[in-house]
Amino acid sequence: MTSEQVNINLPEGSIEKKTTRLNLGPTHPATHGVFQNILEMDGERIIKAESTVGYIHRAFEKIAERRPLYQITTLTDRLNYCSAPLNNMGWHLTCEKLLGVKTPKRVDYLRVIIMELSRISDHLICNSIVGVDTGAYTGFLYVMQYRELIYEIYEEVCGSRLTTNMGRIGGFERNFSETAFRKVEKFLEEFPVVWKEFENLFNRNRIFIERTVGTGAISAERALNYGFTGPNLRAAGVDYDVRVHSPYSSYEDFDFIIPVGKTGDNYDRFMVRNEEIWQSLSIVQQAYQKVQAFKGTEADVYHADSPEYYLPAKADVYTKMEALIYHFKIVMGETDIPAGEVYNSIEGGNGELGFYLITDGGRAPFRLHFRRPCFIYYQAYAEIIKDTMLSDAVVTLSSLNLIAGEMDA
Amino acid sequence: MSLSHEIIKEKLNSQFGEKILHWEESYGMLAATVQHDHNLKVLTFLNDEPSLGFQFLTDLTGVHYPDRKGEELAVVYHVHNLKENVRLRLKVFVPIEKPDVYTATGLFSGANWMERETYDFYGVNFIGHPDLRRVLNVDEMDYFPLRKEYPLEDQTRIDKDDEMFGR
């Protein structure tokens with residue numbers, strides 16, 4: 001303990017107290033979300049930090065205990081809202097695992113397109129915000145219009161942009177339109193150029209490097225002990241990726257690498273995300289080609305053949321008896337879910353997004369728990385920023401990619 | 001995959017005998033129910049034994065089973081051996097009157113908030129936890145909201161009269 005640290009526990013106003021208590025948050029432009037940190041400062045240096053979360057807790061796990069499975073999709077949107085379709089797909093995959101629904105390959109590939117696009121949009125926001133917090137606003141404003149292209153694809157596929165509620169148990173609500181494919185093509189064509197420009201702005205930028213290299217570092221051991229997953233763990237040098245370790249939605253058909261960092265500092269996290277964007281682009285490209293290879297009637301497949309759980313098309317509901325019955329049963333929650341206990345996880349935007357679902361045979365889950373990656377790794381924040389400068393703590397906060405909605409559920 | 005479910009079963013059974021109350025396998029994941037005062041011993045063994053190596057705590061949560069008299073609350077651990085890519089679920093059941101289990105914070109730093117969350121929603125008392133406070137709910141709350149005795153508001157109630165948000 002240094003001489004400045006001796007008196008930090010003295011009450012506010014004590015004459016011997018040499019440190020300052022500072023509230024960073026709950027609403028502060030630099031926290032990019034609603035969370036509070038009570039910092040004990042010695043000048044610009046942080047001696048001690050205490051994190052508080054839960055300001056936007058919305059009791060999703062409790063609400064889910066009354067809803068039929070398909071109504072829970074809208075709750076998952078609001079977890080990590082920067083990559084809502086990823087959460088939707090993760091939830092559908094969990095339900096399919098529980099119900100034993102087997103999806104056709106084309107559905108898997110369409111899902112991969114959507115999931116990788118939303119991973120790009122998630123990483124794009126995170127990395128450009130790291131730029132903002134190191135003083136480079138331009139990159140953020142510039143790439144934002146290309147996130148717009150992704151949102152237009154969502155809009156074309158499901159009709160909404162931010163909280164998408166995309167897809168259904170078993171597939172999608174409708175086939176991708178020609179326009180949707182044109183928009184994917186447009187994105188694949190225009191985005192790489194822009195992202196290269198973004199990288200040119202940052203990767204070798206001296207100011208950026210000095211702000212990020214060596215700050216906010218966490219070792220691989222500590223990261224694993226804290227339950228880190230996703231890009232933050234990979235930046236520390238552990239090549240754990242759910243897409244590769246336990247492939248879902250036919251990820252085993254794709255050729256990509258897992259980028260890893262070495263030191264786990266802000267720069268490595270930034271670079272790992274950058275590289276993941278390139279990998280995601282390549283996956284979207286591959287998936288797009290695979291989807292285009294389906295011809296004739298195969299190209300019309302966009303959902304699994306499981307009428308008990310897949311909501312039928314509206315036109316069929318009006319004209320076909322079976323469709324009407326299933327529609328009624330699903331919408332009124334009359335289809336009982338088989339009893340079971342399942343844990344399923346996907347590689348979310350910021351780590352392993354897990355769904356622990358227990359059903360007892362009723363219409364709604366008995367218990368649903370979301371493994372929210374950033375709730376788990378945010379615990380390490382106090383340890384990471386100890387004995388660093390306040391301005392580095394702000395960069396660390398954004399490079400950890402914390403989403404308040406996901407943290408507080 | 002060299003670390004099969006049989007090996008895990010055999011190792012844990014030979015180490016703990018009847019303290020492992022029940023084995024189950026659902027949807028490809030092995031699940032063990034452990035006597036409630038042995039949760040930490042089993043987790044430590046899984047962590048330290050080199051041939052098992054479950055060193056990553058994926059998830060920790062609680063479940064309330066009101067129908068299981070005398071063991072209403074369950075604490076569920078999901079541990080992961082990242083090298084062999086094997087997951088294992090551990091469950092401990094505790095009575096709701098005395099919901100005491102040992103904390104896993106000594107093994108996993110990440111267990112800290114997950115245990116606080118479980119305490120917050122179910123009131124499970126983690127013995128030895130360094131800072132067992134509520135984490136998502138307000139500090140003044142005097143009940144544990146995810147327990148089944150607190151139902152959600154009846155959607156068909158008509159006694160609410162609120163011009164802005166009422167039904």
# chains A, B, ... in the order shown; residues from 1 in each chain; ligands from 1
$ residues_around --residues "Pro66 in chain B" --least-positions-apart "3" --cutoff "10 Å" --atoms "only C-alpha atoms" --output "number ranges by chain"
B: 63, 69-73, 96, 147-149
$ select_by_dssp --residues "range 21-136 of chain B" --states "alpha helix (DSSP H)" --output "tab-separated table (two decimals) with all heavy atoms, in the first residue's frame"
chain	number	residue	atom	x	y	z
B	39	ASN	N	-21.19	-29.37	-2.69
B	39	ASN	CA	-21.06	-28.69	-3.98
B	39	ASN	C	-19.64	-28.20	-4.23
B	39	ASN	O	-19.08	-28.40	-5.30
B	39	ASN	CB	-22.07	-27.53	-4.08
B	39	ASN	CG	-21.75	-26.39	-3.17
B	39	ASN	OD1	-21.25	-26.59	-2.07
B	39	ASN	ND2	-22.03	-25.17	-3.61
B	40	LEU	N	-19.05	-27.59	-3.22
B	40	LEU	CA	-17.73	-27.00	-3.42
B	40	LEU	C	-16.67	-28.10	-3.58
B	40	LEU	O	-15.76	-27.98	-4.39
B	40	LEU	CB	-17.38	-26.08	-2.26
B	40	LEU	CG	-16.10	-25.27	-2.44
B	40	LEU	CD1	-16.16	-24.44	-3.71
B	40	LEU	CD2	-15.85	-24.37	-1.25
B	41	LYS	N	-16.82	-29.18	-2.80
B	41	LYS	CA	-15.86	-30.28	-2.89
B	41	LYS	C	-15.87	-30.87	-4.30
B	41	LYS	O	-14.81	-31.14	-4.88
B	41	LYS	CB	-16.20	-31.37	-1.86
B	41	LYS	CG	-15.79	-30.97	-0.46
B	41	LYS	CD	-15.91	-32.13	0.50
B	41	LYS	CE	-15.61	-31.67	1.92
B	41	LYS	NZ	-16.57	-32.17	2.89
B	42	VAL	N	-17.07	-31.06	-4.84
B	42	VAL	CA	-17.15	-31.63	-6.18
B	42	VAL	C	-16.58	-30.67	-7.22
B	42	VAL	O	-15.81	-31.07	-8.09
B	42	VAL	CB	-18.62	-32.01	-6.51
B	42	VAL	CG1	-18.74	-32.47	-7.94
B	42	VAL	CG2	-19.11	-33.09	-5.57
B	43	LEU	N	-16.93	-29.39	-7.09
B	43	LEU	CA	-16.41	-28.41	-8.05
B	43	LEU	C	-14.89	-28.33	-7.98
B	43	LEU	O	-14.21	-28.24	-9.01
B	43	LEU	CB	-17.00	-27.02	-7.76
B	43	LEU	CG	-18.41	-26.75	-8.25
B	43	LEU	CD1	-18.91	-25.43	-7.70
B	43	LEU	CD2	-18.49	-26.73	-9.76
B	44	THR	N	-14.35	-28.37	-6.76
B	44	THR	CA	-12.90	-28.32	-6.61
B	44	THR	C	-12.25	-29.54	-7.23
B	44	THR	O	-11.23	-29.44	-7.92
B	44	THR	CB	-12.53	-28.25	-5.12
B	44	THR	OG1	-13.36	-27.28	-4.49
B	44	THR	CG2	-11.09	-27.85	-4.92
B	45	PHE	N	-12.87	-30.71	-6.98
B	45	PHE	CA	-12.33	-31.94	-7.56
B	45	PHE	C	-12.35	-31.88	-9.09
B	45	PHE	O	-11.37	-32.21	-9.76
B	45	PHE	CB	-13.13	-33.14	-7.05
B	45	PHE	CG	-12.66	-34.46	-7.60
B	45	PHE	CD1	-11.45	-35.00	-7.23
B	45	PHE	CD2	-13.45	-35.17	-8.51
B	45	PHE	CE1	-11.01	-36.21	-7.73
B	45	PHE	CE2	-13.02	-36.38	-9.03
B	45	PHE	CZ	-11.81	-36.91	-8.64
B	46	LEU	N	-13.47	-31.43	-9.63
B	46	LEU	CA	-13.58	-31.32	-11.09
B	46	LEU	C	-12.54	-30.36	-11.65
B	46	LEU	O	-12.03	-30.53	-12.75
B	46	LEU	CB	-14.97	-30.83	-11.48
B	46	LEU	CG	-16.13	-31.80	-11.34
B	46	LEU	CD1	-17.45	-31.07	-11.49
B	46	LEU	CD2	-16.02	-32.90	-12.38
B	47	ASN	N	-12.26	-29.33	-10.88
B	47	ASN	CA	-11.32	-28.30	-11.31
B	47	ASN	C	-9.87	-28.78	-11.19
B	47	ASN	O	-9.07	-28.57	-12.10
B	47	ASN	CB	-11.55	-27.06	-10.44
B	47	ASN	CG	-10.76	-25.87	-10.91
B	47	ASN	OD1	-10.88	-25.48	-12.07
B	47	ASN	ND2	-9.97	-25.32	-10.04
B	48	ASP	N	-9.56	-29.45	-10.09
B	48	ASP	CA	-8.16	-29.77	-9.80
B	48	ASP	C	-7.68	-31.07	-10.45
B	48	ASP	O	-6.51	-31.20	-10.78
B	48	ASP	CB	-7.94	-29.87	-8.29
B	48	ASP	CG	-8.09	-28.52	-7.63
B	48	ASP	OD1	-8.15	-27.53	-8.38
B	48	ASP	OD2	-8.18	-28.45	-6.39
B	111	ALA	N	-17.78	-16.34	-10.50
B	111	ALA	CA	-18.96	-16.80	-9.75
B	111	ALA	C	-19.54	-15.70	-8.87
B	111	ALA	O	-20.68	-15.79	-8.45
B	111	ALA	CB	-18.59	-18.01	-8.90
B	112	ASN	N	-18.74	-14.67	-8.63
B	112	ASN	CA	-19.15	-13.63	-7.69
B	112	ASN	C	-20.53	-13.05	-8.01
B	112	ASN	O	-21.48	-13.18	-7.24
B	112	ASN	CB	-18.07	-12.54	-7.68
B	112	ASN	CG	-18.27	-11.53	-6.60
B	112	ASN	OD1	-19.40	-11.24	-6.21
B	112	ASN	ND2	-17.20	-10.98	-6.08
B	113	TRP	N	-20.66	-12.46	-9.17
B	113	TRP	CA	-21.94	-11.82	-9.52
B	113	TRP	C	-23.01	-12.84	-9.83
B	113	TRP	O	-24.19	-12.60	-9.61
B	113	TRP	CB	-21.78	-10.87	-10.70
B	113	TRP	CG	-21.14	-9.58	-10.34
B	113	TRP	CD1	-20.47	-9.29	-9.18
B	113	TRP	CD2	-21.13	-8.39	-11.11
B	113	TRP	NE1	-20.03	-8.01	-9.20
B	113	TRP	CE2	-20.41	-7.42	-10.37
B	113	TRP	CE3	-21.63	-8.05	-12.35
B	113	TRP	CZ2	-20.21	-6.14	-10.85
B	113	TRP	CZ3	-21.43	-6.77	-12.83
B	113	TRP	CH2	-20.72	-5.82	-12.07
B	114	MET	N	-22.60	-13.98	-10.37
B	114	MET	CA	-23.62	-15.00	-10.66
B	114	MET	C	-24.25	-15.48	-9.36
B	114	MET	O	-25.46	-15.74	-9.31
B	114	MET	CB	-22.97	-16.16	-11.42
B	114	MET	CG	-22.51	-15.80	-12.81
B	114	MET	SD	-22.10	-17.26	-13.77
B	114	MET	CE	-20.34	-17.14	-13.87
B	115	GLU	N	-23.45	-15.59	-8.31
B	115	GLU	CA	-24.02	-15.98	-7.02
B	115	GLU	C	-24.85	-14.85	-6.43
B	115	GLU	O	-25.90	-15.08	-5.83
B	115	GLU	CB	-22.91	-16.39	-6.05
B	115	GLU	CG	-22.32	-17.73	-6.45
B	115	GLU	CD	-21.25	-18.23	-5.50
B	115	GLU	OE1	-20.84	-17.49	-4.59
B	115	GLU	OE2	-20.83	-19.38	-5.68
B	116	ARG	N	-24.38	-13.63	-6.63
B	116	ARG	CA	-25.19	-12.50	-6.15
B	116	ARG	C	-26.53	-12.48	-6.85
B	116	ARG	O	-27.56	-12.20	-6.23
B	116	ARG	CB	-24.44	-11.18	-6.40
B	116	ARG	CG	-23.39	-10.89	-5.35
B	116	ARG	CD	-22.64	-9.62	-5.68
B	116	ARG	NE	-23.48	-8.43	-5.60
B	116	ARG	CZ	-23.07	-7.22	-5.94
B	116	ARG	NH1	-21.84	-7.03	-6.37
B	116	ARG	NH2	-23.88	-6.19	-5.83
B	117	GLU	N	-26.52	-12.79	-8.14
B	117	GLU	CA	-27.77	-12.81	-8.90
B	117	GLU	C	-28.70	-13.90	-8.36
B	117	GLU	O	-29.90	-13.69	-8.20
B	117	GLU	CB	-27.46	-13.04	-10.38
B	117	GLU	CG	-28.62	-12.79	-11.31
B	117	GLU	CD	-28.35	-13.27	-12.74
B	117	GLU	OE1	-27.40	-14.04	-12.95
B	117	GLU	OE2	-29.13	-12.88	-13.63
B	118	THR	N	-28.12	-15.07	-8.10
B	118	THR	CA	-28.92	-16.17	-7.58
B	118	THR	C	-29.48	-15.82	-6.19
B	118	THR	O	-30.63	-16.12	-5.88
B	118	THR	CB	-28.06	-17.45	-7.50
B	118	THR	OG1	-27.40	-17.61	-8.74
B	118	THR	CG2	-28.90	-18.67	-7.22
B	119	TYR	N	-28.68	-15.16	-5.39
B	119	TYR	CA	-29.17	-14.70	-4.08
B	119	TYR	C	-30.28	-13.68	-4.28
B	119	TYR	O	-31.32	-13.72	-3.61
B	119	TYR	CB	-28.01	-14.08	-3.30
B	119	TYR	CG	-28.46	-13.23	-2.14
B	119	TYR	CD1	-28.95	-13.82	-0.98
B	119	TYR	CD2	-28.44	-11.84	-2.22
B	119	TYR	CE1	-29.40	-13.04	0.08
B	119	TYR	CE2	-28.89	-11.05	-1.18
B	119	TYR	CZ	-29.37	-11.66	-0.03
B	119	TYR	OH	-29.82	-10.89	0.99
B	120	ASP	N	-30.05	-12.79	-5.22
B	120	ASP	CA	-30.99	-11.71	-5.47
B	120	ASP	C	-32.38	-12.25	-5.82
B	120	ASP	O	-33.40	-11.76	-5.33
B	120	ASP	CB	-30.42	-10.88	-6.63
B	120	ASP	CG	-31.09	-9.54	-6.79
B	120	ASP	OD1	-32.08	-9.30	-6.12
B	120	ASP	OD2	-30.59	-8.73	-7.59
B	121	PHE	N	-32.42	-13.27	-6.67
B	121	PHE	CA	-33.71	-13.75	-7.17
B	121	PHE	C	-34.28	-14.92	-6.38
B	121	PHE	O	-35.49	-15.14	-6.41
B	121	PHE	CB	-33.58	-14.12	-8.64
B	121	PHE	CG	-33.42	-12.92	-9.52
B	121	PHE	CD1	-32.23	-12.66	-10.17
B	121	PHE	CD2	-34.47	-12.04	-9.68
B	121	PHE	CE1	-32.09	-11.54	-10.96
B	121	PHE	CE2	-34.33	-10.93	-10.47
B	121	PHE	CZ	-33.14	-10.67	-11.11
B	122	TYR	N	-33.43	-15.69	-5.73
B	122	TYR	CA	-33.93	-16.88	-5.03
B	122	TYR	C	-33.62	-16.89	-3.55
B	122	TYR	O	-34.13	-17.73	-2.82
B	122	TYR	CB	-33.34	-18.15	-5.68
B	122	TYR	CG	-33.92	-18.41	-7.03
B	122	TYR	CD1	-33.26	-18.01	-8.17
B	122	TYR	CD2	-35.15	-19.04	-7.16
B	122	TYR	CE1	-33.81	-18.22	-9.42
B	122	TYR	CE2	-35.70	-19.27	-8.40
B	122	TYR	CZ	-35.03	-18.86	-9.52
B	122	TYR	OH	-35.57	-19.08	-10.75
$ closest_residue --among "B:Val34, B:Val92, B:Val135, B:Met141" --to "His22 in chain B" --atoms "only C-alpha atoms"
B:Val34
$ closest_residue --among "B:Met164, B:Val75, B:Leu152, B:Leu107" --to "Asn125 in chain B" --atoms "only C-alpha atoms"
B:Val75
$ residues_around --residues "Glu341 in chain A" --least-positions-apart "4" --cutoff "7 Å" --atoms "only C-alpha atoms" --output "PDB file with N, CA, C and O atoms, in the first residue's frame"
ATOM      1  N   LEU A 357     -32.954 -23.711 -20.419  1.00  0.00           N
ATOM      2  CA  LEU A 357     -34.408 -23.770 -20.483  1.00  0.00           C
ATOM      3  C   LEU A 357     -34.897 -25.043 -19.807  1.00  0.00           C
ATOM      4  O   LEU A 357     -34.453 -26.142 -20.126  1.00  0.00           O
ATOM      5  N   ILE A 358     -35.794 -24.885 -18.836  1.00  0.00           N
ATOM      6  CA  ILE A 358     -36.412 -26.044 -18.201  1.00  0.00           C
ATOM      7  C   ILE A 358     -37.907 -25.978 -18.482  1.00  0.00           C
ATOM      8  O   ILE A 358     -38.530 -24.935 -18.278  1.00  0.00           O
ATOM      9  N   THR A 359     -38.450 -27.061 -18.985  1.00  0.00           N
ATOM     10  CA  THR A 359     -39.890 -27.085 -19.225  1.00  0.00           C
ATOM     11  C   THR A 359     -40.485 -28.257 -18.458  1.00  0.00           C
ATOM     12  O   THR A 359     -39.824 -29.274 -18.240  1.00  0.00           O
TER      13      THR A 359
ATOM     14  N   SER B  26     -29.398 -35.512 -20.562  1.00  0.00           N
ATOM     15  CA  SER B  26     -30.463 -35.013 -21.424  1.00  0.00           C
ATOM     16  C   SER B  26     -29.871 -34.103 -22.478  1.00  0.00           C
ATOM     17  O   SER B  26     -29.036 -33.253 -22.177  1.00  0.00           O
TER      18      SER B  26
END
$ closest_atom_pairs --of "chain B" --to "chain A" --cutoff "6 Å" --atoms "only C-alpha atoms" --output "tab-separated table"
residue	atom	partner	partner_atom	distance
B:Phe108	CA	A:Asn225	CA	5.2
B:Ser109	CA	A:Tyr226	CA	5.0
B:Gly110	CA	A:Tyr226	CA	4.0
B:Leu136	CA	A:Gly54	CA	4.0
$ write_last_selection --atoms "C-alpha atoms" --output "mmCIF file, in the first residue's frame"
data_model
loop_
_atom_site.group_PDB
_atom_site.id
_atom_site.type_symbol
_atom_site.label_atom_id
_atom_site.label_comp_id
_atom_site.auth_asym_id
_atom_site.auth_seq_id
_atom_site.Cartn_x
_atom_site.Cartn_y
_atom_site.Cartn_z
ATOM 1 C CA PHE B 108 -13.946 -18.887 -10.070
ATOM 2 C CA SER B 109 -13.835 -15.106 -9.788
ATOM 3 C CA GLY B 110 -16.701 -15.036 -12.248
ATOM 4 C CA LEU B 136 -29.957 -6.384 -10.262
#
$ atom_distance --atom1 "CA of Asn80 in chain A" --atom2 "CA of Val34 in chain A"
13.6 Å
$ atom_distance --atom1 "CA of Leu60 in chain B" --atom2 "CA of His36 in chain B"
14.8 Å
$ residues_around --residues "Gly17 in chain B" --least-positions-apart "4" --cutoff "12 Å" --atoms "only C-alpha atoms" --output "JSON, numbers by chain"
{"B": [9, 10, 11, 12, 13, 21, 22, 34, 35, 38, 42]}
$ write_last_selection --atoms "all heavy atoms" --output "mmCIF file, in the first residue's frame"
data_model
loop_
_atom_site.group_PDB
_atom_site.id
_atom_site.type_symbol
_atom_site.label_atom_id
_atom_site.label_comp_id
_atom_site.auth_asym_id
_atom_site.auth_seq_id
_atom_site.Cartn_x
_atom_site.Cartn_y
_atom_site.Cartn_z
ATOM 1 N N LYS B 9 -18.414 -40.055 -14.920
ATOM 2 C CA LYS B 9 -19.276 -40.722 -13.946
ATOM 3 C C LYS B 9 -18.449 -41.568 -12.990
ATOM 4 O O LYS B 9 -18.592 -41.498 -11.775
ATOM 5 C CB LYS B 9 -20.254 -41.643 -14.675
ATOM 6 C CG LYS B 9 -21.580 -41.014 -15.018
ATOM 7 C CD LYS B 9 -22.503 -42.109 -15.528
ATOM 8 C CE LYS B 9 -23.799 -41.525 -16.004
ATOM 9 N NZ LYS B 9 -24.676 -42.531 -16.597
ATOM 10 N N GLU B 10 -17.568 -42.381 -13.608
ATOM 11 C CA GLU B 10 -16.777 -43.312 -12.816
ATOM 12 C C GLU B 10 -15.892 -42.563 -11.816
ATOM 13 O O GLU B 10 -15.852 -42.892 -10.633
ATOM 14 C CB GLU B 10 -15.922 -44.119 -13.794
ATOM 15 C CG GLU B 10 -15.331 -45.392 -13.245
ATOM 16 C CD GLU B 10 -14.331 -45.941 -14.248
ATOM 17 O OE1 GLU B 10 -14.740 -46.243 -15.385
ATOM 18 O OE2 GLU B 10 -13.141 -46.028 -13.896
ATOM 19 N N LYS B 11 -15.234 -41.506 -12.299
ATOM 20 C CA LYS B 11 -14.317 -40.764 -11.424
ATOM 21 C C LYS B 11 -15.068 -40.130 -10.272
ATOM 22 O O LYS B 11 -14.634 -40.193 -9.118
ATOM 23 C CB LYS B 11 -13.600 -39.680 -12.230
ATOM 24 C CG LYS B 11 -12.615 -40.266 -13.186
ATOM 25 C CD LYS B 11 -11.369 -39.425 -13.279
ATOM 26 C CE LYS B 11 -10.455 -40.004 -14.283
ATOM 27 N NZ LYS B 11 -9.174 -40.390 -14.007
ATOM 28 N N LEU B 12 -16.182 -39.487 -10.582
ATOM 29 C CA LEU B 12 -16.920 -38.813 -9.514
ATOM 30 C C LEU B 12 -17.522 -39.831 -8.545
ATOM 31 O O LEU B 12 -17.502 -39.623 -7.335
ATOM 32 C CB LEU B 12 -18.024 -37.926 -10.102
ATOM 33 C CG LEU B 12 -17.567 -36.580 -10.657
ATOM 34 C CD1 LEU B 12 -18.743 -35.819 -11.201
ATOM 35 C CD2 LEU B 12 -16.862 -35.746 -9.601
ATOM 36 N N ASN B 13 -18.034 -40.921 -9.077
ATOM 37 C CA ASN B 13 -18.614 -41.933 -8.200
ATOM 38 C C ASN B 13 -17.571 -42.528 -7.275
ATOM 39 O O ASN B 13 -17.835 -42.740 -6.082
ATOM 40 C CB ASN B 13 -19.267 -43.046 -9.021
ATOM 41 C CG ASN B 13 -20.659 -42.651 -9.475
ATOM 42 O OD1 ASN B 13 -21.305 -41.818 -8.836
ATOM 43 N ND2 ASN B 13 -21.115 -43.221 -10.575
ATOM 44 N N LEU B 21 -26.009 -37.942 -5.835
ATOM 45 C CA LEU B 21 -27.318 -38.543 -5.600
ATOM 46 C C LEU B 21 -27.947 -39.095 -6.873
ATOM 47 O O LEU B 21 -28.700 -40.055 -6.828
ATOM 48 C CB LEU B 21 -28.251 -37.494 -4.974
ATOM 49 C CG LEU B 21 -27.727 -36.850 -3.683
ATOM 50 C CD1 LEU B 21 -28.612 -35.699 -3.273
ATOM 51 C CD2 LEU B 21 -27.651 -37.867 -2.559
ATOM 52 N N HIS B 22 -27.651 -38.486 -7.995
ATOM 53 C CA HIS B 22 -28.416 -38.850 -9.180
ATOM 54 C C HIS B 22 -27.636 -38.487 -10.441
ATOM 55 O O HIS B 22 -26.974 -37.448 -10.482
ATOM 56 C CB HIS B 22 -29.751 -38.079 -9.141
ATOM 57 C CG HIS B 22 -30.668 -38.396 -10.277
ATOM 58 N ND1 HIS B 22 -31.176 -39.640 -10.486
ATOM 59 C CD2 HIS B 22 -31.145 -37.616 -11.274
ATOM 60 C CE1 HIS B 22 -31.936 -39.627 -11.569
ATOM 61 N NE2 HIS B 22 -31.933 -38.409 -12.066
ATOM 62 N N VAL B 34 -25.841 -33.386 -6.689
ATOM 63 C CA VAL B 34 -24.867 -33.572 -5.627
ATOM 64 C C VAL B 34 -25.513 -33.181 -4.304
ATOM 65 O O VAL B 34 -26.341 -32.271 -4.257
ATOM 66 C CB VAL B 34 -23.626 -32.689 -5.890
ATOM 67 C CG1 VAL B 34 -22.589 -32.861 -4.812
ATOM 68 C CG2 VAL B 34 -23.039 -32.991 -7.239
ATOM 69 N N GLN B 35 -25.127 -33.884 -3.257
ATOM 70 C CA GLN B 35 -25.615 -33.517 -1.923
ATOM 71 C C GLN B 35 -25.189 -32.081 -1.623
ATOM 72 O O GLN B 35 -24.071 -31.690 -1.927
ATOM 73 C CB GLN B 35 -25.029 -34.478 -0.893
ATOM 74 C CG GLN B 35 -25.722 -34.410 0.441
ATOM 75 C CD GLN B 35 -25.255 -35.531 1.336
ATOM 76 O OE1 GLN B 35 -25.270 -36.700 0.948
ATOM 77 N NE2 GLN B 35 -24.820 -35.179 2.527
ATOM 78 N N HIS B 38 -21.844 -30.751 -0.455
ATOM 79 C CA HIS B 38 -20.660 -31.213 -1.174
ATOM 80 C C HIS B 38 -20.429 -30.460 -2.477
ATOM 81 O O HIS B 38 -19.587 -30.860 -3.267
ATOM 82 C CB HIS B 38 -20.765 -32.716 -1.454
ATOM 83 C CG HIS B 38 -20.196 -33.536 -0.345
ATOM 84 N ND1 HIS B 38 -20.763 -33.565 0.904
ATOM 85 C CD2 HIS B 38 -19.098 -34.316 -0.275
ATOM 86 C CE1 HIS B 38 -20.043 -34.350 1.677
ATOM 87 N NE2 HIS B 38 -19.022 -34.807 0.997
ATOM 88 N N VAL B 42 -17.068 -31.055 -4.838
ATOM 89 C CA VAL B 42 -17.152 -31.634 -6.177
ATOM 90 C C VAL B 42 -16.581 -30.671 -7.218
ATOM 91 O O VAL B 42 -15.805 -31.069 -8.090
ATOM 92 C CB VAL B 42 -18.616 -32.013 -6.512
ATOM 93 C CG1 VAL B 42 -18.738 -32.468 -7.945
ATOM 94 C CG2 VAL B 42 -19.108 -33.088 -5.573
#
$ select_by_dssp --residues "range 48-215 of chain A" --states "strand (DSSP E)" --output "PyMOL selection string"
chain A and resi 48-52
$ write_last_selection --atoms "C-alpha atoms" --output "compact mmCIF listing (two decimals), in the first residue's frame"
# COMPACT_ATOMS: atom_id res chain seq x y z
CA LYS A 48 -10.38 1.42 -6.23
CA ALA A 49 -13.50 0.89 -8.28
CA GLU A 50 -16.90 -0.46 -7.44
CA SER A 51 -19.35 -1.34 -10.19
CA THR A 52 -23.11 -1.18 -9.86
$ atom_distance --atom1 "CA of Gly230 in chain A" --atom2 "CA of Phe172 in chain A"
26.4 Å
$ closest_residue --among "A:Val130, A:Leu201, A:Ile257, A:Leu402" --to "Gln279 in chain A" --atoms "only C-alpha atoms"
A:Ile257
$ residues_around --residues "Val272 in chain A" --least-positions-apart "4" --cutoff "10 Å" --atoms "only C-alpha atoms" --output "list in words"
His123, Gly230, Pro231, Asn232, Leu233, Arg234, Ala235, Ala236, Ile258, Pro259, Val260, Gly261, Lys262, Gly264, Asn266, Tyr267, Asp268, Glu276 and Ile277 of chain A
$ closest_residue --among "A:Ile403, A:Ile113, A:Leu162, A:Glu322" --to "Gly33 in chain A" --atoms "only C-alpha atoms"
A:Ile403
$ closest_residue --among "B:Tyr27, B:His78, B:Pro130, B:Gln155" --to "Tyr102 in chain B" --atoms "only C-alpha atoms"
B:Pro130
